Protein chains: 2
Amino acid sequence: MLTVAIAGATGAVGEEFLAVLAQRKFPVGTLIPLASARSVGKVVRYGGRDFPVKDLATFDFRGVDVAFFSAGAERSREHGPRAAKAGALVIDNSSAFRLDPAVPLVVPEVNLDAAAGHAGLISNPNCSTILLVMVLAPLLRQVPVRRLVVSTYQAVSGSGAKGLAELARQQDEERAGKAPSLDVYPYPIASNVLPFVAGFGDDALTTEEWKMVKETRRILGRPDLRISATCVRVPVRRAHSEAVNIEFERAVHPDEARAWLAAAPGVTVVDDPTRLVFPTPRDAEGKDPVLVGRIRRDPGCPTALDLFLSGDQLRKGAALNAVQIAEALVPAGRAR
Amino acid sequence: MLTVAIAGATGAVGEEFLAVLAQRKFPVGTLIPLASARSVGKVVRYGGRDFPVKDLATFDFRGVDVAFFSAGAERSREHGPRAAKAGALVIDNSSAFRLDPAVPLVVPEVNLDAAAGHAGLISNPNCSTILLVMVLAPLLRQVPVRRLVVSTYQAVSGSGAKGLAELARQQDEERAGKAPSLDVYPYPIASNVLPFVAGFGDDALTTEEWKMVKETRRILGRPDLRISATCVRVPVRRAHSEAVNIEFERAVHPDEARAWLAAAPGVTVVDDPTRLVFPTPRDAEGKDPVLVGRIRRDPGCPTALDLFLSGDQLRKGAALNAVQIAEALVPAGRAR
């Protein structure tokens, strides 16, 4: 059995880590929930036992087998390397190391081989990126891609528990005839969509859009991949969706694509228009696989397909992918 | 002053017609609200006066100058031609005649010339299509386009007053801990997005997606235009948004595009990322212009730009565009 630390244990992703570890019967011997000093004194319940929250800033990682980090990039940068140095396998859900060539960026179904030779630190990709590469990789293995255009429909859980609270509070306020109050987002998210996720970066792309561009290129091992992303927050609770246009090097029949995706691990094809069967974020909520459907020929480009995918942002988009990395790298007993 | 009939006067678009006619001081002398037999007996208030709703099925259009139809394709097919034959200028908001070569399909800022030689019947395009061509046309006048990929974020008002009611009711049900009940949409729209607008058509595209493809081609006079559309319903009340990727024949600088759009009638550029200025559907609500922003280079294609637009589905997407057509064709007194 393993000693497992969770940094950011009291957040939305932290809670999902606990649920995923329990469901997958991860060999947790001792659980160490870590958070900021103001959460010390709280207790996290796991497997019928209570574990007191400890202060991440002062915690000594010696003796920890696996440490899942989901406490923001700043804390990962500060405490991730020292946890790895102390002997823990650190799987970091923040953006801190995702583009660091010394730190593998891994989606197990797609590029587990990239984890070989890691130095104790592995990066979990951005949530929208994970969902996208889960669907892209099985297609790109068959036919090279020429160009990609992605538009996202991202849930408020991507902003953590406070994103979920913001949507619920604004809906209550509107129902009471009040103007929605603002805390997390610069404009209301209730009855709105915001073409703005995270902050703005170079060339008027948002940081989320750059993550999708750069992380997708890195995970697929295609630094030259031609990809555009528009990232949009929508008033949905916890599953992300993406409309994806894929221009291939040759024409691909939708049935071929469906067959390749149906055979892909972690992907479920949900695609029967005549019976009104297609992916929705509500359907993806709480589920492990990425749902993909609406697979069809682009009427404007004979070598392109359109498709639509939905996946649980907190599960495959975050906690599940991280736990899968740990499972793959900790086959027997101790992590390192 | 004109005698103006509104078929579908009691619906969401019908109400918007009344608001737009009043705001624009359209020369309404007599207003004749028309609806199905079950609405007869109701009264529509306009300009401080009450007008009794009459039965569309049996109404004699002789003496009517302008008839705005927004009562569904079936009723337009049945009653539009006879209204035109009786001498009314019929502006039809349904899909009934949009692809009929004998009926002009018009967005005044884009192709008013197409209305010349009409035979009493003019089609108002699909709402998402109107918003798209308002932004595309000023760009395509400058540089030819090679290929388009569009993803929409469509408000529930596109399904009329019952779409708005469905979203509100489902949010109330969820707040009360109940499962959302279904009436208009096949799955919940509260905290969800549906990659399904209208029904399914050929080649696994939805009818809404085909409308965007075919109507955009027709309005722009480019029957070969390479365009893909993914149409998605989102839990937003009344303005549609679209993420648009435009591959041009040559590289276009975002500043060039911004200047061309800033000079275009009916379009407002809302684009200053460093100050968090970008279009949102809440901002577009109740406004006449289409808002466009997030104008940026596609990092995957040197000759492509990405942009994001929002526009009021009931105004420019429906009633406003129809009234603008009437204004352009009724310069002095009588319509025909």
# chains A, B, ... in the order shown; residues from 1 in each chain; ligands from 1
call {"tool": "calpha_fit_and_write", "arguments": {"fixed": "chain B", "moving": "chain A", "output": "CSV table (one decimal) with C-alpha atoms, in the first residue's frame"}}
result
chain,number,residue,atom,x,y,z
A,1,MET,CA,-49.0,55.5,-43.5
A,2,LEU,CA,-49.0,51.8,-44.1
A,3,THR,CA,-51.2,48.9,-43.3
A,4,VAL,CA,-48.9,46.3,-41.7
A,5,ALA,CA,-49.8,42.7,-40.9
A,6,ILE,CA,-47.7,40.5,-38.6
A,7,ALA,CA,-48.3,36.7,-39.0
A,8,GLY,CA,-47.2,35.1,-35.8
A,9,ALA,CA,-47.7,38.3,-33.8
A,10,THR,CA,-48.0,36.5,-30.5
A,11,GLY,CA,-44.7,34.7,-30.7
A,12,ALA,CA,-41.2,35.8,-29.5
A,13,VAL,CA,-40.3,37.1,-32.9
A,14,GLY,CA,-43.7,38.7,-33.3
A,15,GLU,CA,-43.2,40.7,-30.1
A,16,GLU,CA,-39.8,41.8,-31.3
A,17,PHE,CA,-41.4,43.0,-34.6
A,18,LEU,CA,-43.7,45.3,-32.6
A,19,ALA,CA,-40.8,46.6,-30.6
A,20,VAL,CA,-38.6,47.2,-33.7
A,21,LEU,CA,-41.4,48.9,-35.7
A,22,ALA,CA,-42.1,51.3,-32.8
A,23,GLN,CA,-38.4,52.1,-32.1
A,24,ARG,CA,-37.7,52.7,-35.8
A,25,LYS,CA,-40.9,54.8,-36.2
A,26,PHE,CA,-41.9,52.6,-39.1
A,27,PRO,CA,-45.0,54.3,-40.7
A,28,VAL,CA,-47.6,51.9,-39.3
A,29,GLY,CA,-51.1,53.3,-39.9
A,30,THR,CA,-53.0,50.2,-39.2
A,31,LEU,CA,-51.6,47.1,-37.5
A,32,ILE,CA,-53.1,43.7,-38.1
A,33,PRO,CA,-51.8,41.0,-35.8
A,34,LEU,CA,-52.4,37.5,-37.2
A,35,ALA,CA,-52.1,34.2,-35.5
A,36,SER,CA,-53.7,30.8,-35.4
A,37,ALA,CA,-57.4,30.5,-34.6
A,38,ARG,CA,-56.7,29.7,-30.9
A,39,SER,CA,-55.1,33.2,-30.4
A,40,VAL,CA,-58.1,35.0,-31.9
A,41,GLY,CA,-59.7,37.1,-29.1
A,42,LYS,CA,-56.3,38.2,-27.8
A,43,VAL,CA,-55.2,41.8,-28.2
A,44,VAL,CA,-51.8,43.2,-29.2
A,45,ARG,CA,-50.8,46.6,-27.9
A,46,TYR,CA,-48.9,48.9,-30.3
A,47,GLY,CA,-48.4,52.6,-30.1
A,48,GLY,CA,-50.8,53.0,-27.2
A,49,ARG,CA,-53.6,51.3,-29.1
A,50,ASP,CA,-55.0,47.7,-28.9
A,51,PHE,CA,-55.3,45.7,-32.1
A,52,PRO,CA,-57.3,42.4,-32.0
A,53,VAL,CA,-55.6,39.3,-33.2
A,54,LYS,CA,-57.2,37.9,-36.4
A,55,ASP,CA,-57.1,34.4,-37.8
A,56,LEU,CA,-54.2,34.0,-40.3
A,57,ALA,CA,-56.0,31.1,-42.0
A,58,THR,CA,-59.0,33.1,-43.1
A,59,PHE,CA,-57.6,36.6,-43.3
A,60,ASP,CA,-57.9,38.5,-46.6
A,61,PHE,CA,-54.7,40.3,-47.3
A,62,ARG,CA,-56.2,42.9,-49.8
A,63,GLY,CA,-55.3,46.4,-48.6
A,64,VAL,CA,-52.2,45.2,-46.7
A,65,ASP,CA,-49.0,47.0,-47.6
A,66,VAL,CA,-46.4,44.9,-45.8
A,67,ALA,CA,-46.9,41.5,-44.2
A,68,PHE,CA,-44.2,40.2,-41.9
A,69,PHE,CA,-44.4,36.4,-41.6
A,70,SER,CA,-43.0,34.6,-38.6
A,71,ALA,CA,-45.3,31.7,-38.0
A,72,GLY,CA,-43.3,28.8,-39.2
A,73,ALA,CA,-42.4,27.4,-42.7
A,74,GLU,CA,-45.7,25.5,-43.1
A,75,ARG,CA,-47.9,28.6,-42.6
A,76,SER,CA,-45.6,30.7,-44.7
A,77,ARG,CA,-45.9,28.2,-47.6
A,78,GLU,CA,-49.7,28.2,-47.2
A,79,HIS,CA,-50.4,31.9,-46.7
A,80,GLY,CA,-47.3,33.8,-47.9
A,81,PRO,CA,-48.0,33.5,-51.7
A,82,ARG,CA,-51.6,34.4,-51.4
A,83,ALA,CA,-50.7,37.5,-49.3
A,84,ALA,CA,-48.3,38.5,-52.0
A,85,LYS,CA,-50.9,37.8,-54.7
A,86,ALA,CA,-53.3,40.1,-52.8
A,87,GLY,CA,-50.8,42.9,-53.1
A,88,ALA,CA,-48.8,42.8,-49.9
A,89,LEU,CA,-45.0,42.9,-49.7
A,90,VAL,CA,-44.4,39.7,-47.8
A,91,ILE,CA,-41.2,39.5,-45.8
A,92,ASP,CA,-41.0,35.9,-44.6
A,93,ASN,CA,-38.9,35.0,-41.6
A,94,SER,CA,-39.3,31.2,-42.1
A,95,SER,CA,-37.2,28.8,-44.1
A,96,ALA,CA,-40.0,28.2,-46.6
A,97,PHE,CA,-38.6,30.2,-49.5
A,98,ARG,CA,-35.0,30.8,-48.6
A,99,LEU,CA,-33.5,28.5,-51.3
A,100,ASP,CA,-36.2,29.3,-53.9
A,101,PRO,CA,-34.4,31.1,-56.8
A,102,ALA,CA,-37.6,33.1,-57.4
A,103,VAL,CA,-37.5,34.6,-53.9
A,104,PRO,CA,-34.7,37.0,-52.9
A,105,LEU,CA,-32.8,36.2,-49.7
A,106,VAL,CA,-31.7,39.5,-48.3
A,107,VAL,CA,-29.6,41.1,-45.7
A,108,PRO,CA,-29.8,44.8,-46.5
A,109,GLU,CA,-26.2,45.7,-45.6
A,110,VAL,CA,-24.9,42.8,-47.7
A,111,ASN,CA,-27.0,42.1,-50.8
A,112,LEU,CA,-29.9,44.6,-51.0
A,113,ASP,CA,-29.5,44.5,-54.8
A,114,ALA,CA,-30.8,40.9,-54.7
A,115,ALA,CA,-34.2,42.3,-53.8
A,116,ALA,CA,-34.6,44.0,-57.1
A,117,GLY,CA,-37.3,42.5,-59.2
A,118,HIS,CA,-38.9,40.6,-56.4
A,119,ALA,CA,-42.4,39.3,-57.0
A,120,GLY,CA,-43.9,40.4,-53.7
A,121,LEU,CA,-42.1,37.8,-51.6
A,122,ILE,CA,-38.7,38.3,-49.9
A,123,SER,CA,-37.0,35.8,-47.5
A,124,ASN,CA,-35.4,36.8,-44.3
A,125,PRO,CA,-32.4,34.5,-43.7
A,126,ASN,CA,-31.8,32.1,-40.8
A,127,CYS,CA,-30.7,34.0,-37.7
A,128,SER,CA,-27.2,32.5,-37.4
A,129,THR,CA,-26.6,33.1,-41.1
A,130,ILE,CA,-27.5,36.8,-40.9
A,131,LEU,CA,-25.1,37.4,-38.1
A,132,LEU,CA,-22.3,35.5,-40.0
A,133,VAL,CA,-22.7,37.3,-43.3
A,134,MET,CA,-22.8,40.7,-41.6
A,135,VAL,CA,-19.2,40.0,-40.5
A,136,LEU,CA,-18.1,38.0,-43.5
A,137,ALA,CA,-19.2,40.4,-46.3
A,138,PRO,CA,-17.0,43.4,-45.3
A,139,LEU,CA,-14.0,41.1,-45.2
A,140,LEU,CA,-14.7,39.2,-48.4
A,141,ARG,CA,-15.1,42.4,-50.3
A,142,GLN,CA,-11.5,43.1,-49.5
A,143,VAL,CA,-9.8,39.7,-49.8
A,144,PRO,CA,-11.2,36.4,-51.3
A,145,VAL,CA,-11.8,33.7,-48.8
A,146,ARG,CA,-10.5,30.1,-49.3
A,147,ARG,CA,-12.4,28.2,-46.5
A,148,LEU,CA,-14.6,28.8,-43.4
A,149,VAL,CA,-15.2,26.9,-40.2
A,150,VAL,CA,-18.0,28.1,-38.0
A,151,SER,CA,-19.1,26.9,-34.5
A,152,THR,CA,-22.2,28.5,-33.0
A,153,TYR,CA,-23.4,29.2,-29.5
A,154,GLN,CA,-27.1,29.6,-30.1
A,155,ALA,CA,-29.7,31.1,-27.6
A,156,VAL,CA,-32.9,29.3,-26.7
A,157,SER,CA,-34.9,32.2,-28.1
A,158,GLY,CA,-34.2,30.6,-31.5
A,159,SER,CA,-36.9,28.1,-30.5
A,160,GLY,CA,-39.3,30.9,-29.8
A,161,ALA,CA,-41.0,31.8,-26.5
A,162,LYS,CA,-41.3,28.1,-25.6
A,163,GLY,CA,-37.5,27.8,-25.8
A,164,LEU,CA,-37.1,30.6,-23.3
A,165,ALA,CA,-39.8,29.0,-21.1
A,166,GLU,CA,-38.0,25.6,-21.3
A,167,LEU,CA,-34.7,27.0,-20.0
A,168,ALA,CA,-36.3,29.0,-17.2
A,169,ARG,CA,-38.4,26.0,-16.1
A,170,GLN,CA,-35.5,23.5,-16.1
A,171,GLN,CA,-33.4,25.9,-14.1
A,172,ASP,CA,-36.2,26.2,-11.5
A,173,GLU,CA,-36.6,22.4,-11.4
A,174,GLU,CA,-32.9,21.9,-10.9
A,175,ARG,CA,-32.9,24.4,-8.2
A,176,ALA,CA,-35.7,22.5,-6.4
A,177,GLY,CA,-33.6,19.3,-6.7
A,178,LYS,CA,-35.9,17.9,-9.4
A,179,ALA,CA,-34.9,16.4,-12.8
A,180,PRO,CA,-35.4,18.8,-15.6
A,181,SER,CA,-38.6,18.1,-17.6
A,182,LEU,CA,-38.5,18.0,-21.4
A,183,ASP,CA,-40.8,19.7,-23.8
A,184,VAL,CA,-39.0,21.6,-26.6
A,185,TYR,CA,-35.6,19.9,-26.7
A,186,PRO,CA,-34.8,16.1,-26.6
A,187,TYR,CA,-32.4,16.6,-23.7
A,188,PRO,CA,-32.1,19.2,-20.9
A,189,ILE,CA,-30.7,22.6,-22.0
A,190,ALA,CA,-30.1,23.8,-18.5
A,191,SER,CA,-26.4,23.3,-17.6
A,192,ASN,CA,-25.9,21.7,-21.0
A,193,VAL,CA,-25.1,22.3,-24.6
A,194,LEU,CA,-26.8,20.4,-27.5
A,195,PRO,CA,-24.9,20.0,-30.8
A,196,PHE,CA,-28.3,19.8,-32.4
A,197,VAL,CA,-30.4,22.7,-33.7
A,198,ALA,CA,-33.6,22.0,-35.6
A,199,GLY,CA,-33.6,18.5,-37.0
A,200,PHE,CA,-31.1,16.2,-38.8
A,201,GLY,CA,-30.7,16.5,-42.6
A,202,ASP,CA,-28.5,14.9,-45.3
A,203,ASP,CA,-25.0,13.7,-44.5
A,204,ALA,CA,-25.5,13.8,-40.7
A,205,LEU,CA,-25.6,17.6,-40.7
A,206,THR,CA,-28.5,19.3,-38.9
A,207,THR,CA,-31.0,21.4,-40.9
A,208,GLU,CA,-29.6,24.4,-39.1
A,209,GLU,CA,-26.1,23.6,-40.3
A,210,TRP,CA,-27.3,23.2,-43.9
A,211,LYS,CA,-29.1,26.5,-43.6
A,212,MET,CA,-25.9,28.2,-42.6
A,213,VAL,CA,-24.0,26.5,-45.5
A,214,LYS,CA,-26.5,27.0,-48.2
A,215,GLU,CA,-27.9,30.4,-47.2
A,216,THR,CA,-24.5,31.9,-46.7
A,217,ARG,CA,-23.4,30.7,-50.1
A,218,ARG,CA,-26.6,32.2,-51.7
A,219,ILE,CA,-26.4,35.6,-49.9
A,220,LEU,CA,-22.7,36.0,-50.7
A,221,GLY,CA,-23.3,34.9,-54.3
A,222,ARG,CA,-20.7,32.2,-53.8
A,223,PRO,CA,-22.4,28.8,-54.6
A,224,ASP,CA,-19.0,27.1,-54.2
A,225,LEU,CA,-18.1,28.7,-50.9
A,226,ARG,CA,-16.2,26.2,-48.7
A,227,ILE,CA,-17.9,26.4,-45.4
A,228,SER,CA,-18.4,24.0,-42.4
A,229,ALA,CA,-20.8,24.8,-39.6
A,230,THR,CA,-21.4,23.1,-36.3
A,231,CYS,CA,-24.6,24.5,-34.7
A,232,VAL,CA,-24.9,24.2,-30.9
A,233,ARG,CA,-27.6,25.3,-28.6
A,234,VAL,CA,-26.4,26.8,-25.3
A,235,PRO,CA,-28.3,27.9,-22.1
A,236,VAL,CA,-28.3,31.6,-23.1
A,237,ARG,CA,-31.5,33.5,-23.5
A,238,ARG,CA,-31.6,35.6,-26.7
A,239,ALA,CA,-28.3,36.4,-28.4
A,240,HIS,CA,-26.4,34.0,-30.6
A,241,SER,CA,-22.6,33.8,-30.8
A,242,GLU,CA,-20.2,32.3,-33.4
A,243,ALA,CA,-16.6,31.3,-33.4
A,244,VAL,CA,-15.4,31.8,-37.0
A,245,ASN,CA,-12.2,30.7,-38.6
A,246,ILE,CA,-11.6,32.4,-42.0
A,247,GLU,CA,-8.8,31.2,-44.3
A,248,PHE,CA,-8.2,33.9,-46.8
A,249,GLU,CA,-6.4,33.8,-50.2
A,250,ARG,CA,-3.6,35.9,-48.6
A,251,ALA,CA,-2.5,36.9,-45.2
A,252,VAL,CA,-4.7,39.5,-43.6
A,253,HIS,CA,-3.4,41.5,-40.6
A,254,PRO,CA,-5.9,41.6,-37.7
A,255,ASP,CA,-5.7,45.4,-37.8
A,256,GLU,CA,-6.8,45.4,-41.5
A,257,ALA,CA,-9.8,43.2,-40.6
A,258,ARG,CA,-10.6,45.4,-37.7
A,259,ALA,CA,-10.6,48.5,-39.9
A,260,TRP,CA,-12.8,46.9,-42.5
A,261,LEU,CA,-15.3,45.7,-39.9
A,262,ALA,CA,-15.3,49.1,-38.1
A,263,ALA,CA,-16.3,50.7,-41.3
A,264,ALA,CA,-19.1,48.2,-42.0
A,265,PRO,CA,-22.7,49.3,-41.3
A,266,GLY,CA,-24.5,47.3,-38.6
A,267,VAL,CA,-21.2,45.9,-37.2
A,268,THR,CA,-19.5,47.1,-34.0
A,269,VAL,CA,-15.9,46.1,-33.3
A,270,VAL,CA,-15.6,45.1,-29.6
A,271,ASP,CA,-12.0,44.0,-29.4
A,272,ASP,CA,-9.4,45.0,-26.8
A,273,PRO,CA,-8.1,41.9,-25.0
A,274,THR,CA,-5.8,43.8,-22.7
A,275,ARG,CA,-8.8,45.6,-21.3
A,276,LEU,CA,-10.9,42.4,-21.3
A,277,VAL,CA,-13.1,43.8,-24.1
A,278,PHE,CA,-14.7,41.1,-26.3
A,279,PRO,CA,-18.3,40.3,-27.5
A,280,THR,CA,-20.6,38.4,-25.3
A,281,PRO,CA,-24.3,37.4,-26.0
A,282,ARG,CA,-25.4,39.3,-22.9
A,283,ASP,CA,-23.8,42.5,-24.3
A,284,ALA,CA,-25.5,41.9,-27.7
A,285,GLU,CA,-29.0,41.5,-26.1
A,286,GLY,CA,-31.4,44.2,-27.3
A,287,LYS,CA,-28.8,45.8,-29.5
A,288,ASP,CA,-29.0,46.3,-33.2
A,289,PRO,CA,-25.4,45.8,-34.4
A,290,VAL,CA,-23.5,42.6,-34.5
A,291,LEU,CA,-20.6,42.7,-32.1
A,292,VAL,CA,-17.3,41.3,-33.3
A,293,GLY,CA,-14.0,40.8,-31.5
A,294,ARG,CA,-11.3,38.3,-30.6
A,295,ILE,CA,-9.9,39.1,-34.1
A,296,ARG,CA,-6.5,37.3,-34.2
A,297,ARG,CA,-4.2,35.3,-36.4
A,298,ASP,CA,-4.8,31.6,-36.5
A,299,PRO,CA,-1.6,30.2,-35.0
A,300,GLY,CA,-1.9,27.2,-37.3
A,301,CYS,CA,-2.5,28.9,-40.6
A,302,PRO,CA,-0.6,32.1,-41.8
A,303,THR,CA,-3.5,33.2,-44.1
A,304,ALA,CA,-6.3,32.6,-41.6
A,305,LEU,CA,-7.9,34.7,-38.9
A,306,ASP,CA,-10.1,33.7,-36.0
A,307,LEU,CA,-12.9,35.9,-34.6
A,308,PHE,CA,-15.9,35.7,-32.3
A,309,LEU,CA,-19.2,37.5,-32.9
A,310,SER,CA,-22.4,38.0,-30.9
A,311,GLY,CA,-25.7,39.3,-32.1
A,312,ASP,CA,-29.3,39.5,-30.9
A,313,GLN,CA,-31.1,36.6,-32.4
A,314,LEU,CA,-34.5,38.3,-32.2
A,315,ARG,CA,-33.4,41.6,-33.6
A,316,LYS,CA,-30.7,41.5,-36.4
A,317,GLY,CA,-31.2,37.8,-36.5
A,318,ALA,CA,-34.9,38.1,-37.2
A,319,ALA,CA,-37.2,41.2,-36.7
A,320,LEU,CA,-34.8,44.0,-37.3
A,321,ASN,CA,-33.4,42.5,-40.6
A,322,ALA,CA,-37.0,42.0,-41.9
A,323,VAL,CA,-38.0,45.6,-41.0
A,324,GLN,CA,-34.8,46.9,-42.6
A,325,ILE,CA,-35.8,45.1,-45.8
A,326,ALA,CA,-39.3,46.7,-45.7
A,327,GLU,CA,-37.7,50.1,-45.0
A,328,ALA,CA,-35.5,49.7,-48.1
A,329,LEU,CA,-38.3,48.7,-50.4
A,330,VAL,CA,-41.0,51.0,-49.1
A,331,PRO,CA,-39.3,54.4,-49.6
A,332,ALA,CA,-42.4,56.4,-50.0
A,333,GLY,CA,-45.8,55.5,-48.8
A,334,ARG,CA,-47.1,52.3,-50.4
A,335,ALA,CA,-45.0,49.1,-50.7
A,336,ARG,CA,-45.9,47.9,-54.2
call {"tool": "select_by_dssp", "arguments": {"residues": "stretch 94-303 of chain B", "states": "helix (DSSP H, G or I)", "output": "VMD selection string"}}
result
chain B and resid 108 to 115 127 to 140 156 to 159 161 to 175 202 to 204 207 to 219 254 to 262 273 to 275 281 to 284
call {"tool": "select_by_dssp", "arguments": {"residues": "stretch 157-274 of chain A", "states": "strand (DSSP E or B)", "output": "PyMOL selection string"}}
result
chain A and resi 194+200+206+227-230+233+239-248+267-269+272
call {"tool": "decode", "arguments": {"residues": "stretch 25-46 of chain B", "atoms": "N, CA and C atoms", "output": "mmCIF file, in the first residue's frame"}}
result
data_model
loop_
_atom_site.group_PDB
_atom_site.id
_atom_site.type_symbol
_atom_site.label_atom_id
_atom_site.label_comp_id
_atom_site.auth_asym_id
_atom_site.auth_seq_id
_atom_site.Cartn_x
_atom_site.Cartn_y
_atom_site.Cartn_z
ATOM 1 N N LYS B 25 -39.860 53.890 -35.750
ATOM 2 C CA LYS B 25 -40.914 54.772 -36.260
ATOM 3 C C LYS B 25 -41.315 54.376 -37.681
ATOM 4 N N PHE B 26 -41.469 53.066 -37.879
ATOM 5 C CA PHE B 26 -41.963 52.567 -39.161
ATOM 6 C C PHE B 26 -43.367 53.139 -39.350
ATOM 7 N N PRO B 27 -43.688 53.601 -40.562
ATOM 8 C CA PRO B 27 -44.978 54.302 -40.749
ATOM 9 C C PRO B 27 -46.186 53.366 -40.697
ATOM 10 N N VAL B 28 -46.440 52.825 -39.498
ATOM 11 C CA VAL B 28 -47.580 51.932 -39.305
ATOM 12 C C VAL B 28 -48.847 52.766 -39.134
ATOM 13 N N GLY B 29 -49.781 52.646 -40.055
ATOM 14 C CA GLY B 29 -51.071 53.301 -39.887
ATOM 15 C C GLY B 29 -52.009 52.348 -39.169
ATOM 16 N N THR B 30 -52.209 51.189 -39.797
ATOM 17 C CA THR B 30 -53.042 50.155 -39.191
ATOM 18 C C THR B 30 -52.198 48.912 -38.974
ATOM 19 N N LEU B 31 -52.311 48.328 -37.776
ATOM 20 C CA LEU B 31 -51.598 47.092 -37.482
ATOM 21 C C LEU B 31 -52.595 45.939 -37.453
ATOM 22 N N ILE B 32 -52.239 44.840 -38.138
ATOM 23 C CA ILE B 32 -53.120 43.670 -38.124
ATOM 24 C C ILE B 32 -52.338 42.468 -37.615
ATOM 25 N N PRO B 33 -52.481 42.156 -36.322
ATOM 26 C CA PRO B 33 -51.805 40.971 -35.797
ATOM 27 C C PRO B 33 -52.557 39.722 -36.235
ATOM 28 N N LEU B 34 -51.806 38.758 -36.764
ATOM 29 C CA LEU B 34 -52.408 37.508 -37.230
ATOM 30 C C LEU B 34 -51.782 36.347 -36.474
ATOM 31 N N ALA B 35 -52.583 35.339 -36.191
ATOM 32 C CA ALA B 35 -52.063 34.149 -35.516
ATOM 33 C C ALA B 35 -53.010 33.002 -35.819
ATOM 34 N N SER B 36 -52.787 31.873 -35.149
ATOM 35 C CA SER B 36 -53.679 30.739 -35.376
ATOM 36 C C SER B 36 -55.018 31.015 -34.685
ATOM 37 N N ALA B 37 -56.010 30.218 -35.059
ATOM 38 C CA ALA B 37 -57.376 30.462 -34.585
ATOM 39 C C ALA B 37 -57.456 30.517 -33.061
ATOM 40 N N ARG B 38 -56.597 29.730 -32.382
ATOM 41 C CA ARG B 38 -56.714 29.695 -30.911
ATOM 42 C C ARG B 38 -56.249 30.994 -30.250
ATOM 43 N N SER B 39 -55.541 31.867 -31.005
ATOM 44 C CA SER B 39 -55.129 33.156 -30.433
ATOM 45 C C SER B 39 -56.135 34.263 -30.731
ATOM 46 N N VAL B 40 -57.144 33.960 -31.545
ATOM 47 C CA VAL B 40 -58.147 34.975 -31.868
ATOM 48 C C VAL B 40 -58.899 35.329 -30.578
ATOM 49 N N GLY B 41 -59.099 36.631 -30.377
ATOM 50 C CA GLY B 41 -59.698 37.076 -29.112
ATOM 51 C C GLY B 41 -58.657 37.788 -28.281
ATOM 52 N N LYS B 42 -57.365 37.398 -28.457
ATOM 53 C CA LYS B 42 -56.285 38.136 -27.798
ATOM 54 C C LYS B 42 -56.162 39.519 -28.440
ATOM 55 N N VAL B 43 -55.436 40.378 -27.752
ATOM 56 C CA VAL B 43 -55.235 41.734 -28.241
ATOM 57 C C VAL B 43 -53.745 42.041 -28.199
ATOM 58 N N VAL B 44 -53.244 42.727 -29.218
ATOM 59 C CA VAL B 44 -51.838 43.131 -29.248
ATOM 60 C C VAL B 44 -51.789 44.641 -29.105
ATOM 61 N N ARG B 45 -50.957 45.115 -28.180
ATOM 62 C CA ARG B 45 -50.870 46.553 -27.935
ATOM 63 C C ARG B 45 -49.723 47.137 -28.753
ATOM 64 N N TYR B 46 -49.994 48.236 -29.445
ATOM 65 C CA TYR B 46 -48.947 48.884 -30.250
ATOM 66 C C TYR B 46 -49.225 50.375 -30.307
#
